[in-house]
Each structure stands twice: as C-alpha cells, then as structure tokens.
2 protein chains.
Amino acid sequence: VTSIHDIPTPALLLDAALLEANIAAMSELLPGSRLRPHVKAHKCTAIARRQLAQGHRGFTCATLRELEGMAAAGLGHDLLLANEVVDVERIRHIASRDDARITFAVDSSETIAAAAAGGVREVLIDVNVGLPRCGCAPGDAGSLADQARTSGMQVRGVMGYEGHVVGLEDAAERRTRCEESMQLLLAAHAEVGGDLISAGGTGTFDSNTWATEIQAGSYVLMDTAYGRLGLPFVQAFWVWSTVVSVSEKYVVADCGLKSLGMDHGNPEIADAKVWFCSDEHITYAPSRPVSVGDRVRIAPSHVDPTMAYHQQIHVIAGENVEDTWDIDLRGW
Amino acid sequence: VTSIHDIPTPALLLDAALLEANIAAMSELLPGSRLRPHVKAHKCTAIARRQLAQGHRGFTCATLRELEGMAAAGLGHDLLLANEVVDVERIRHIASRDDARITFAVDSSETIAAAAAGGVREVLIDVNVGLPRCGCAPGDAGSLADQARTSGMQVRGVMGYEGHVVGLEDAAERRTRCEESMQLLLAAHAEVGGDLISAGGTGTFDSNTWATEIQAGSYVLMDTAYGRLGLPFVQAFWVWSTVVSVSEKYVVADCGLKSLGMDHGNPEIADAKVWFCSDEHITYAPSRPVSVGDRVRIAPSHVDPTMAYHQQIHVIAGENVEDTWDIDLRGW
C-alpha cells in the first residue's frame with residue numbers, strides 16, 4: 001500500500017468514504033431518476049460508476065467528449081447533453097453509436113437543424129430561466145418543439161438551468177429565486193410537453209421541487225463555495241501539495257494556478273490563511289510551525305475547473321492510497 | 001489543408017508568423033545566453049525548439065516534468081529548474097540523465113540536502129528579492145552557497161525573480177522597483193559568486209539590466225495582461241470558439257473556465273464586451289450581428305494557466321491550419 005506521503009505532488013486526493021457518503025446522502029434525498037448526475041464536475045467515469053451503483057442510470061454531460069467517454073465506458077443508458085452544439089460531423093459520430101441513448105439540448109432553429117442533420121433522435125428544449133447563457137426565450141419553446149418534431153425528432157421535454165441561483169448563500173433566497181425560474185420552465189413545458197423537466201444543481205437540489213430531475217454534479221466532491229451553503233455534503237477531495245520553502249511569515253507549497261480553478265477565488269487551507277497563488281505555488285501563513293517537506297491539503301474554491309487540470313485522482317482511506325482513477329472525460 | 005473553420009472547438013490557435021516575430025524581436029534585444037526562455041508559459045517543446053533555433057541554448061523550467069520533457073526532446077543543453085523541490089527519488093531520476101545539464105535552484109538547507117542526495121551537480125542560490133514566494137533572505141545566500149559547495153555541488157550563481165514587479169503597468173515604476181530588487185540580488189551574488197545572475201520576466205526583459213540572463217516566457221504568446229504594458233510583443237495565440245446560442249443582448253460561445261486561466265480575470269474578444277465565463281461557455285455582447293455557428297477568437301488574460309488546460313495547439317497561417325503541436329510539458 002502506498003502512503004499519501006510517498007506520491008509526487010501536486011496531486012488530487014479523493015476520500016473514498018466521504019465520496020460514498022455524499023453519493024448516499026444525495027441518493028436518499030433524490031433516488032433513481034430524480035437525479036441525473038452531471039459528470040462535468042468530476043469528469044471521471046469511475047465516479048459515475050459509483051453514482052450508477054446507487055441507482056442513477058441517467059447522466060448529464062456538458063461536452064461531446066463527455067458523451068463519448070461515458071458511452072465508451074458502458075454508462076450510456078440515458079445521457080443528456082445539457083449544452084448546445086452545431087458540429088454536425090461529431091454529432092453524427094456520437095448519435096450513430098448503438099451503445100448509448102443520447103438526448104441533445106436545443107434552443108434555436110440552428111441547433112435543431114444540426115441535431116437533425118446529425119441523426120439525433122431525441123431532444124429537450126433548453127429554456128432560459130434567468131441565467132444569461134444558452135436557452136430560448138420561454139415563449140419560443142413551443143414553436144421550437146414543433147420544429148424539432150417536424151424534423152423527425154422526439155421531444156422529451158424541457159430543461160432550464162437556474163445557474164444564477166445555485167450559488168446564492170441565503171437558502172430562503174435560493175428557494176424563492178428558484179421558484180421564479182421554475183415557473184418560467186413550467187410555462188414552457190406546458191407548451192412543449194414530454195416527460196422531462198430537467199433543471200437544478202447542487203445548490204438547489206432540495207429547493208427545486210418543480211423539476212422532475214435534478215442535474216447536480218458538484219455534490220460528490222464539493223468545493224469551498226458550495227461548502228458555505230450548509231448543504232448535507234462534505235468536502236471529499238483536495239489538491240495534495242508539498243511545502244518547498246519556509247519563511248518567517250509565510251510558507252510556500254507546490255500547488256498553483258495550474259492545479260486549481262481560480263474563477264471563484266483562492267482555495268482554502270485548514271488552520272492557515274492563503275495569501276496568493278502563482279503558476280506552480282501557493283503562498284500561505286500557517287497557524288502552526290511548518291517544515292520544508294511537509295504535506296498539506298488544499299481545498300479548491302471551484303471543483304469543475306480544478307478537476308479539469310488533472311489527469312488522475314488518488315482514492316484514499318486515511319493516509320493510504322487505495323486506488324488511482326483516470327479523469328478520463330477531460331478535453332473536448 | 002484544413003481550415004480553422006473546420007476544427008472542433010474549443011481549441012488553441014497559434015499564429016506562426018506572430019510567434020516567429022515575437023521570438024525574433026526578443027532575440028534581437030536579448031541574444032543568445034542573455035535570454036534563458038521560460039518554458040512554463042507555453043509547455044511545448046516545439047515552441048522551445050524555435051527559441052533554440054534563434055540562439056537560446058539555455059532554458060528555464062518550473063517543474064520536474066518540464067525538465068524531463070525538455071531533456072527527452074533533445075533540448076537539455078542547459079536547463080535551470082527555477083523552483084524548489086524535495087522529492088529525492090525524482091531528483092535522482094532526472095539528475096542521472098546523461099543527455100541534459102541541469103541546474104537546480106535551492107533556498108534552504110533542506111533543498112540543498114535533497115539536491116545533494118539526488119546527485120545534483122550544479123545549483124543556483126534562489127534569493128527573495130521582494131516577492132513573498134521561494135528564495136532565501138539575501139543575507140543567507142552566502143552561507144547557503146557554502147553549504148552547497150560543502151555538499152559537493154557547484155554553485156553557478158544566484159537567481160531572484162521580481163514577480164511582484166513584472167506586471168506593473170507604469171514602465172518607470174517597473175524600472176525603479178526592478179532596480180531595488182536587483183540590488184538585493186547583486187548583494188547576494190557578491191557573497192555567493194558564480195557566473196550567473198538569473199532573473200526577470202517578460203515585463204522586465206528590457207528594464208532589468210543587472211541580471212546576466214532573463215527568464216522571460218510569456219513574450220512568445222502574450223496575453224491581455226502583458227498586452228497592456230506596451231511591450232514589443234504581440235498577441236500570438238487565442239482560444240478558438242464556436243457561437244452556440246444567440247440572444248437579443250448577448251451571445252454564447254463554447255469556451256469557458258476549463259479552457260482559460262482565470263486568475264487575471266476575464267478574457268477579451270475584439271469588438272465585444274465579455275460578460276462572464278462558465279465552465280464551458282463565454283457570454284458576451286458583440287458589437288456586430290453574430291450567428292449560431294460563427295467562430296470567434298478569444299484572447300486569454302493569463303497565458304500560462306490557459307496553455308496548461310490544452311493538449312495541443314493548432315499552428316495557423318491566415319485561416320489555414322498548417323500544423324498541430326503537442327503541449328507536451330503539461331502535468332507534473
């Protein structure tokens with residue numbers, strides 16, 4: 001057995017017991033098809049396999065690469081691409097697989113035409129519910145559904161991601177603003193039809209009671225931003241780093257901007273104050289004496305772009321590395 | 001010949017002529033060994049080979065992986081690891097190569113001991129010149145050099161990175177603060193000895209006249225932060241992205257937090273105002289009408305962590321893709 005003190009750094013650590021606890025906590029609250037786990041947070045089919053083992057057969061993807069990797073891993077029972085694409089050649093490639101059921105989100109005549117040209121059989125109408133990103137105006141959803149059906153595709157329902165709501169720190173405000181978004185989505189669904197009303201994320205997994213399925217992903221690993229919301233999920237992964245330089249007021253470890261998603265700000269270290277990150281370093285002030293060669297766990301502020309920097313993650317129990325999983329859905 | 005309009009997105013584009021212009025402009029100002037190009041910005045041996053062809057035989061690296069990759073690519077004439085490491089096993093592995101001359105930076109008894117234990121033959125004393133990161137106190141440099149020599153290693157000189165200065169937008173202030181830092185480094189050098197005084201970056205490549213060699217890296221590709229400093233280098237690379245959704249006030253393209261280093265803030269798009277980035281999207285307001293399927297060039301705010309997200313970069317001339325280079329120094 002390898003000790004975490006013997007692996008090269010920087011490296012990702014995943015606490016196996018905490019991962020299973022997060023998956024179990026979510027599965028109890030949102031069992032089976034009530035959850036369509038989003039793989040964009042972890043980009044790792046080994047983790048998706050654990051989610052499947054807890055009863056979630058459908059998954060959400062953000063990229064064609066994620067669709068391809070999930071299908072190739074035998075996890076293609078019901079994959080939703082919750083994103084718009086117009087690359088007909090790549091759509092055709094994935095839509096022609098006979099080992100995956102794939103539903104594409106569409107929000108315009110152009111994305112409907114690309115899906116139809118690529119041989120896609122099933123779509124959802126992606127509706128803008130307040131986040132200025134993809135999604136049609138709610139009032140256009142019905143006519144886009146008609147276009148999709150006329151193009152020979154099945155319309156399974158609607159999706160609408162309340163991404164402007166999931167990170168709000170006040171739970172009551174999250175609930176209120178989520179309801180506003182979901183009223184838009186329900187109105188669109190009334191025009192579109194279909195069985196699926198797909199929405200939500202880790203921050204609204206419990207308050208969004210209008211969607212038929214929730215697209216949460218971050219809950220399996222968590223980050224410091226979601227950690228402030230009082231959710232029933234715990235930080236389960238870290239960047240593992242070695243202290244390489246010690247000065248009077250601060251120390252420096254070998255984890256930097258190329259190991260961490262930085263859009264949500266600096267990561268956190270227990271019992272320490274993080275000063276700043278450089279390409280390959282983190283400078284921080286520890287509250288206890290630290291020596292060169294000591295190891296430190298760093299909690300990222302945003303899980304998704306952190307995982308996307310790494311090729312593998314070490315699965316640990318205590319201080320033992322029990323397995324190493326490939327982050328095999330990276331790239332596009 | 002492939003057109004840039006036919007490649008999957010998001011993808012990196014590198015304008016071959018602008019790359020060569022940046023390399024040539026720097027080589028004219030800092031010829032041969034006056035420049036020790038830093039590979040951490042591009043992480044690409046194909047680009048390093050162009051720098052070597054312009055006369056720079058020595059390179060700067062930030063990671064053991066970069067050392068290993070440069071040596072394996074036949075670019076190991078004189079590699080400096082401008083960073084502290086204590087992984088004796090990996091140090092021994094790289095120090096035992098007979099195809100590379102490798103100099104390690106050291107800043108403490110612990111890093112000297114690790115280098116000696118790993119069979120390292122040559123070191124530089126890394127001196128703190130004002131950036132709170134690695135580097136010993138200037139007054140400790142002489143005794144650390146003695147320790148290194150006593151441990152059987154050659155001391156080639158000093159290094160000290162004025163990273164707190166290279167990004168200052170006022171050129172006169174950059175020069176003044178650079179001089180302050182270099183006076184610290186020169187004082188340390190007087191105690192240490194050796195031929196090398198290694199320092200500097202793209203922002204101080206011309207104002208730092210005290211160092212014997214400059215460790216600039218970003219100048220070959222550039223980013224929007226360095227683009228504001230009035231340097232004689234031009235933006236030579238972009239993330240190439242496809243518009244996937246168009247709304248009344250904004251459009252959305254398929255380039256996001258997993259394609260872009262975000263610590264310096266949002267990227268820029270010509271003739272457009274960037275609103276925000278999500279994991280796989282950028283929302284922006286164009287000044288001219290844009291359609292779904294249009295392609296757009298996105299200029300990153302920080303080159304280093306952007307390159308580190310991508311496995312390859314397409315080398316273009318106008319709208320033709322002439323080659324695709326592996327970003328082969330990624331990871332650790």
# chains A, B, ... in the order shown; residues from 1 in each chain; ligands from 1
$ closest_atom_pairs --of "chain A" --to "chain B" --cutoff "6 Å" --atoms "only C-alpha atoms" --output "tab-separated table"
residue	atom	partner	partner_atom	distance
A:Glu84	CA	B:Val244	CA	5.7
A:Cys134	CA	B:Ser245	CA	5.6
A:Val244	CA	B:Glu84	CA	5.7
A:Ser245	CA	B:Cys134	CA	5.6
A:Lys258	CA	B:Pro305	CA	5.2
A:Met262	CA	B:Asp263	CA	5.4
A:Asp263	CA	B:Met262	CA	5.4
A:Pro305	CA	B:Lys258	CA	5.2
A:Tyr309	CA	B:Tyr309	CA	5.9
$ write_last_selection --atoms "all heavy atoms" --output "PDB file, in the first residue's frame"
ATOM      1  N   GLU A  84     -25.531  23.241 -26.053  1.00  0.00           N
ATOM      2  CA  GLU A  84     -25.810  23.352 -27.473  1.00  0.00           C
ATOM      3  C   GLU A  84     -24.550  23.068 -28.302  1.00  0.00           C
ATOM      4  O   GLU A  84     -23.451  23.536 -27.942  1.00  0.00           O
ATOM      5  CB  GLU A  84     -26.325  24.766 -27.801  1.00  0.00           C
ATOM      6  CG  GLU A  84     -27.817  24.921 -27.585  1.00  0.00           C
ATOM      7  CD  GLU A  84     -28.287  24.702 -26.150  1.00  0.00           C
ATOM      8  OE1 GLU A  84     -27.512  24.949 -25.208  1.00  0.00           O
ATOM      9  OE2 GLU A  84     -29.428  24.254 -25.966  1.00  0.00           O
ATOM     10  N   CYS A 134     -27.148  29.848 -22.477  1.00  0.00           N
ATOM     11  CA  CYS A 134     -27.955  29.217 -23.508  1.00  0.00           C
ATOM     12  C   CYS A 134     -29.419  29.155 -23.060  1.00  0.00           C
ATOM     13  O   CYS A 134     -29.760  29.483 -21.935  1.00  0.00           O
ATOM     14  CB  CYS A 134     -27.429  27.822 -23.805  1.00  0.00           C
ATOM     15  SG  CYS A 134     -25.733  27.811 -24.432  1.00  0.00           S
ATOM     16  N   VAL A 244       7.673  23.625  -0.023  1.00  0.00           N
ATOM     17  CA  VAL A 244       9.015  23.649  -0.619  1.00  0.00           C
ATOM     18  C   VAL A 244       9.864  24.798  -0.092  1.00  0.00           C
ATOM     19  O   VAL A 244      11.072  24.820  -0.329  1.00  0.00           O
ATOM     20  CB  VAL A 244       8.953  23.704  -2.165  1.00  0.00           C
ATOM     21  CG1 VAL A 244       8.319  22.421  -2.717  1.00  0.00           C
ATOM     22  CG2 VAL A 244       8.215  24.945  -2.663  1.00  0.00           C
ATOM     23  N   SER A 245       9.253  25.754   0.609  1.00  0.00           N
ATOM     24  CA  SER A 245      10.033  26.885   1.102  1.00  0.00           C
ATOM     25  C   SER A 245       9.317  27.464   2.325  1.00  0.00           C
ATOM     26  O   SER A 245       8.088  27.581   2.336  1.00  0.00           O
ATOM     27  CB  SER A 245      10.175  27.950   0.004  1.00  0.00           C
ATOM     28  OG  SER A 245      11.132  28.926   0.350  1.00  0.00           O
ATOM     29  N   LYS A 258      -2.094  26.226 -12.024  1.00  0.00           N
ATOM     30  CA  LYS A 258      -2.269  25.153 -12.997  1.00  0.00           C
ATOM     31  C   LYS A 258      -2.843  23.892 -12.356  1.00  0.00           C
ATOM     32  O   LYS A 258      -3.010  22.876 -13.025  1.00  0.00           O
ATOM     33  CB  LYS A 258      -0.934  24.865 -13.684  1.00  0.00           C
ATOM     34  CG  LYS A 258      -0.468  26.039 -14.534  1.00  0.00           C
ATOM     35  CD  LYS A 258       0.941  25.844 -15.040  1.00  0.00           C
ATOM     36  CE  LYS A 258       1.352  27.066 -15.876  1.00  0.00           C
ATOM     37  NZ  LYS A 258       2.785  27.028 -16.232  1.00  0.00           N
ATOM     38  N   MET A 262      -9.576  28.949 -10.593  1.00  0.00           N
ATOM     39  CA  MET A 262      -9.384  30.169  -9.811  1.00  0.00           C
ATOM     40  C   MET A 262     -10.515  31.176  -9.971  1.00  0.00           C
ATOM     41  O   MET A 262     -10.466  32.250  -9.371  1.00  0.00           O
ATOM     42  CB  MET A 262      -8.061  30.817 -10.205  1.00  0.00           C
ATOM     43  CG  MET A 262      -6.831  30.040  -9.766  1.00  0.00           C
ATOM     44  SD  MET A 262      -6.670  29.870  -7.961  1.00  0.00           S
ATOM     45  CE  MET A 262      -6.369  31.591  -7.499  1.00  0.00           C
ATOM     46  N   ASP A 263     -11.543  30.881 -10.768  1.00  0.00           N
ATOM     47  CA  ASP A 263     -12.582  31.882 -11.025  1.00  0.00           C
ATOM     48  C   ASP A 263     -13.388  32.211  -9.777  1.00  0.00           C
ATOM     49  O   ASP A 263     -13.976  33.285  -9.690  1.00  0.00           O
ATOM     50  CB  ASP A 263     -13.517  31.396 -12.127  1.00  0.00           C
ATOM     51  CG  ASP A 263     -14.214  30.107 -11.724  1.00  0.00           C
ATOM     52  OD1 ASP A 263     -13.520  29.079 -11.617  1.00  0.00           O
ATOM     53  OD2 ASP A 263     -15.437  30.138 -11.496  1.00  0.00           O
ATOM     54  N   PRO A 305     -13.395  23.337 -12.715  1.00  0.00           N
ATOM     55  CA  PRO A 305     -12.156  23.667 -13.436  1.00  0.00           C
ATOM     56  C   PRO A 305     -10.899  23.165 -12.726  1.00  0.00           C
ATOM     57  O   PRO A 305      -9.828  23.145 -13.329  1.00  0.00           O
ATOM     58  CB  PRO A 305     -12.188  25.196 -13.530  1.00  0.00           C
ATOM     59  CG  PRO A 305     -13.120  25.641 -12.477  1.00  0.00           C
ATOM     60  CD  PRO A 305     -14.098  24.530 -12.252  1.00  0.00           C
ATOM     61  N   TYR A 309      -7.904  20.190 -14.674  1.00  0.00           N
ATOM     62  CA  TYR A 309      -6.446  20.361 -14.807  1.00  0.00           C
ATOM     63  C   TYR A 309      -5.676  19.062 -14.595  1.00  0.00           C
ATOM     64  O   TYR A 309      -4.479  19.004 -14.865  1.00  0.00           O
ATOM     65  CB  TYR A 309      -5.929  21.378 -13.783  1.00  0.00           C
ATOM     66  CG  TYR A 309      -5.812  22.790 -14.283  1.00  0.00           C
ATOM     67  CD1 TYR A 309      -6.327  23.855 -13.562  1.00  0.00           C
ATOM     68  CD2 TYR A 309      -5.157  23.073 -15.481  1.00  0.00           C
ATOM     69  CE1 TYR A 309      -6.206  25.158 -14.000  1.00  0.00           C
ATOM     70  CE2 TYR A 309      -5.030  24.374 -15.931  1.00  0.00           C
ATOM     71  CZ  TYR A 309      -5.557  25.417 -15.189  1.00  0.00           C
ATOM     72  OH  TYR A 309      -5.438  26.708 -15.627  1.00  0.00           O
TER      73      TYR A 309
END
$ residues_around --residues "Glu20 in chain B" --least-positions-apart "3" --cutoff "9 Å" --atoms "only C-alpha atoms" --output "count of residues only"
9
$ residues_around --residues "Ala188 in chain B" --least-positions-apart "5" --cutoff "10 Å" --atoms "only C-alpha atoms" --output "list in words"
Ile125, Asp126, Val127, Asn128, Val129, Cys136, Ala137, Pro138, Gly139, Asp140, Ala141, Gly142, Gly157, Val158, Met159, Gly160, Met182, Gln183, Gly193 and Ile197 of chain B
$ closest_residue --among "A:Leu18, A:Ala145, A:Leu12, A:Leu75" --to "Gly194 in chain A" --atoms "only C-alpha atoms"
A:Ala145
$ residues_around --residues "Cys178 in chain B" --least-positions-apart "2" --cutoff "10 Å" --atoms "only C-alpha atoms" --output "list in words"
Val129, Gly130, Tyr161, Glu162, Gly163, His164, Val165, Val166, Ala172, Glu173, Arg174, Arg175, Thr176, Glu180, Ser181, Met182, Gln183, Gly200, Thr204, Ser207, Asn208, Thr209 and Trp210 of chain B
$ residues_around --residues "Ser33 in chain A" --least-positions-apart "6" --cutoff "8 Å" --atoms "only C-alpha atoms" --output "list in words"
Gly55, His56, Arg57, Gly58 and Glu213 of chain A
$ write_last_selection --atoms "all heavy atoms" --output "PDB file, in the first residue's frame"
ATOM      1  N   GLY A  55     -28.102   3.787  -8.185  1.00  0.00           N
ATOM      2  CA  GLY A  55     -29.421   3.810  -8.795  1.00  0.00           C
ATOM      3  C   GLY A  55     -29.688   4.897  -9.820  1.00  0.00           C
ATOM      4  O   GLY A  55     -30.807   4.993 -10.335  1.00  0.00           O
ATOM      5  N   HIS A  56     -28.684   5.720 -10.116  1.00  0.00           N
ATOM      6  CA  HIS A  56     -28.901   6.786 -11.103  1.00  0.00           C
ATOM      7  C   HIS A  56     -28.413   6.307 -12.465  1.00  0.00           C
ATOM      8  O   HIS A  56     -27.209   6.219 -12.705  1.00  0.00           O
ATOM      9  CB  HIS A  56     -28.170   8.057 -10.678  1.00  0.00           C
ATOM     10  CG  HIS A  56     -28.429   8.421  -9.243  1.00  0.00           C
ATOM     11  ND1 HIS A  56     -29.680   8.792  -8.790  1.00  0.00           N
ATOM     12  CD2 HIS A  56     -27.626   8.421  -8.156  1.00  0.00           C
ATOM     13  CE1 HIS A  56     -29.613   9.007  -7.484  1.00  0.00           C
ATOM     14  NE2 HIS A  56     -28.383   8.795  -7.074  1.00  0.00           N
ATOM     15  N   ARG A  57     -29.356   5.994 -13.354  1.00  0.00           N
ATOM     16  CA  ARG A  57     -28.975   5.447 -14.658  1.00  0.00           C
ATOM     17  C   ARG A  57     -28.761   6.537 -15.693  1.00  0.00           C
ATOM     18  O   ARG A  57     -28.095   6.320 -16.697  1.00  0.00           O
ATOM     19  CB  ARG A  57     -30.052   4.482 -15.157  1.00  0.00           C
ATOM     20  CG  ARG A  57     -30.089   3.158 -14.418  1.00  0.00           C
ATOM     21  CD  ARG A  57     -31.324   2.345 -14.811  1.00  0.00           C
ATOM     22  NE  ARG A  57     -31.468   2.174 -16.258  1.00  0.00           N
ATOM     23  CZ  ARG A  57     -30.868   1.206 -16.956  1.00  0.00           C
ATOM     24  NH1 ARG A  57     -30.089   0.333 -16.348  1.00  0.00           N
ATOM     25  NH2 ARG A  57     -31.057   1.095 -18.258  1.00  0.00           N
ATOM     26  N   GLY A  58     -29.381   7.676 -15.481  1.00  0.00           N
ATOM     27  CA  GLY A  58     -29.233   8.780 -16.436  1.00  0.00           C
ATOM     28  C   GLY A  58     -28.170   9.743 -15.961  1.00  0.00           C
ATOM     29  O   GLY A  58     -28.031   9.977 -14.753  1.00  0.00           O
ATOM     30  N   GLU A 213     -36.268  16.069 -12.622  1.00  0.00           N
ATOM     31  CA  GLU A 213     -34.933  15.521 -12.371  1.00  0.00           C
ATOM     32  C   GLU A 213     -33.962  16.668 -12.144  1.00  0.00           C
ATOM     33  O   GLU A 213     -34.079  17.739 -12.740  1.00  0.00           O
ATOM     34  CB  GLU A 213     -34.457  14.650 -13.542  1.00  0.00           C
ATOM     35  CG  GLU A 213     -34.374  15.410 -14.867  1.00  0.00           C
ATOM     36  CD  GLU A 213     -33.874  14.543 -16.012  1.00  0.00           C
ATOM     37  OE1 GLU A 213     -34.179  13.329 -16.022  1.00  0.00           O
ATOM     38  OE2 GLU A 213     -33.186  15.092 -16.899  1.00  0.00           O
TER      39      GLU A 213
END
$ select_by_dssp --residues "range 126-279 of chain B" --states "strand (DSSP E)" --output "compact mmCIF listing (two decimals) with C-alpha atoms, in the first residue's frame"
# COMPACT_ATOMS: atom_id res chain seq x y z
CA ASP B 126 17.45 31.35 -5.06
CA GLN B 154 28.98 23.57 -7.94
CA VAL B 155 27.28 26.91 -7.30
CA ARG B 156 26.74 28.68 -10.62
CA GLY B 157 25.46 31.91 -9.09
CA VAL B 158 22.13 33.34 -7.94
CA MET B 159 18.58 33.77 -9.13
CA GLY B 160 15.87 36.08 -7.86
CA LEU B 196 25.03 33.55 -13.36
CA ILE B 197 22.69 36.24 -12.12
CA SER B 198 19.36 34.89 -13.37
CA ALA B 199 16.18 36.95 -13.02
CA GLU B 213 20.22 36.36 -18.10
CA ILE B 214 16.46 36.98 -18.29
CA PHE B 237 -2.43 32.77 -29.63
CA TRP B 238 -6.15 32.53 -28.91
CA VAL B 239 -8.83 30.14 -27.84
CA TRP B 240 -10.93 29.47 -30.93
CA SER B 241 -14.56 29.05 -30.14
CA THR B 242 -17.94 28.47 -31.78
CA VAL B 243 -21.04 30.55 -31.10
CA VAL B 244 -23.72 28.11 -29.91
CA SER B 245 -26.53 30.41 -28.78
CA VAL B 246 -27.64 33.91 -29.74
CA VAL B 251 -24.29 35.57 -27.47
CA VAL B 252 -22.72 32.43 -26.04
CA ALA B 253 -19.66 30.58 -27.37
CA ALA B 272 -17.16 42.77 -28.00
CA LYS B 273 -17.76 43.10 -24.29
CA VAL B 274 -17.24 39.92 -22.28
CA TRP B 275 -19.91 39.41 -19.60
CA PHE B 276 -18.75 36.26 -17.83
CA CYS B 277 -17.44 32.74 -18.25
$ residues_around --residues "Ala95 in chain A" --least-positions-apart "2" --cutoff "8 Å" --atoms "only C-alpha atoms" --output "VMD selection string"
chain A and resid 91 to 93 97 102 118 to 121
$ write_last_selection --atoms "N, CA and C atoms" --output "mmCIF file, in the first residue's frame"
data_model
loop_
_atom_site.group_PDB
_atom_site.id
_atom_site.type_symbol
_atom_site.label_atom_id
_atom_site.label_comp_id
_atom_site.auth_asym_id
_atom_site.auth_seq_id
_atom_site.Cartn_x
_atom_site.Cartn_y
_atom_site.Cartn_z
ATOM 1 N N ILE A 91 -21.640 15.305 -34.040
ATOM 2 C CA ILE A 91 -22.964 14.868 -33.587
ATOM 3 C C ILE A 91 -23.308 13.530 -34.236
ATOM 4 N N ARG A 92 -23.040 13.421 -35.544
ATOM 5 C CA ARG A 92 -23.362 12.184 -36.266
ATOM 6 C C ARG A 92 -22.581 11.008 -35.681
ATOM 7 N N HIS A 93 -21.326 11.273 -35.359
ATOM 8 C CA HIS A 93 -20.459 10.220 -34.814
ATOM 9 C C HIS A 93 -21.037 9.659 -33.505
ATOM 10 N N ARG A 97 -23.835 5.794 -32.434
ATOM 11 C CA ARG A 97 -23.454 4.701 -31.528
ATOM 12 C C ARG A 97 -24.694 3.893 -31.165
ATOM 13 N N ILE A 102 -28.939 8.938 -26.354
ATOM 14 C CA ILE A 102 -28.436 10.296 -26.164
ATOM 15 C C ILE A 102 -29.497 11.318 -26.537
ATOM 16 N N GLY A 118 -27.446 15.529 -37.870
ATOM 17 C CA GLY A 118 -26.531 14.560 -37.270
ATOM 18 C C GLY A 118 -27.196 13.250 -36.880
ATOM 19 N N GLY A 119 -28.496 13.138 -37.159
ATOM 20 C CA GLY A 119 -29.166 11.871 -36.875
ATOM 21 C C GLY A 119 -29.605 11.709 -35.435
ATOM 22 N N VAL A 120 -29.714 12.818 -34.708
ATOM 23 C CA VAL A 120 -30.169 12.756 -33.319
ATOM 24 C C VAL A 120 -31.651 12.365 -33.302
ATOM 25 N N ARG A 121 -32.009 11.501 -32.362
ATOM 26 C CA ARG A 121 -33.399 11.035 -32.305
ATOM 27 C C ARG A 121 -34.222 11.723 -31.228
#
$ atom_distance --atom1 "CA of Gly76 in chain B" --atom2 "CA of Ala105 in chain B"
16.3 Å
$ select_by_dssp --residues "range 159-283 of chain A" --states "helix (DSSP H, G or I)" --output "PyMOL selection string"
chain A and resi 171-192+202-204+218-220+224-227
$ atom_distance --atom1 "CA of Leu81 in chain B" --atom2 "CA of Arg295 in chain A"
20.9 Å
$ atom_distance --atom1 "CA of Pro286 in chain B" --atom2 "CA of Ser143 in chain A"
26.6 Å
$ closest_residue --among "A:Ala71, A:Ala299, A:Leu64, A:Ala216" --to "Val234 in chain A" --atoms "only C-alpha atoms"
A:Ala299
$ closest_residue --among "A:Ala117, A:Ala270, A:Leu186, A:Cys255" --to "Met153 in chain A" --atoms "only C-alpha atoms"
A:Ala117
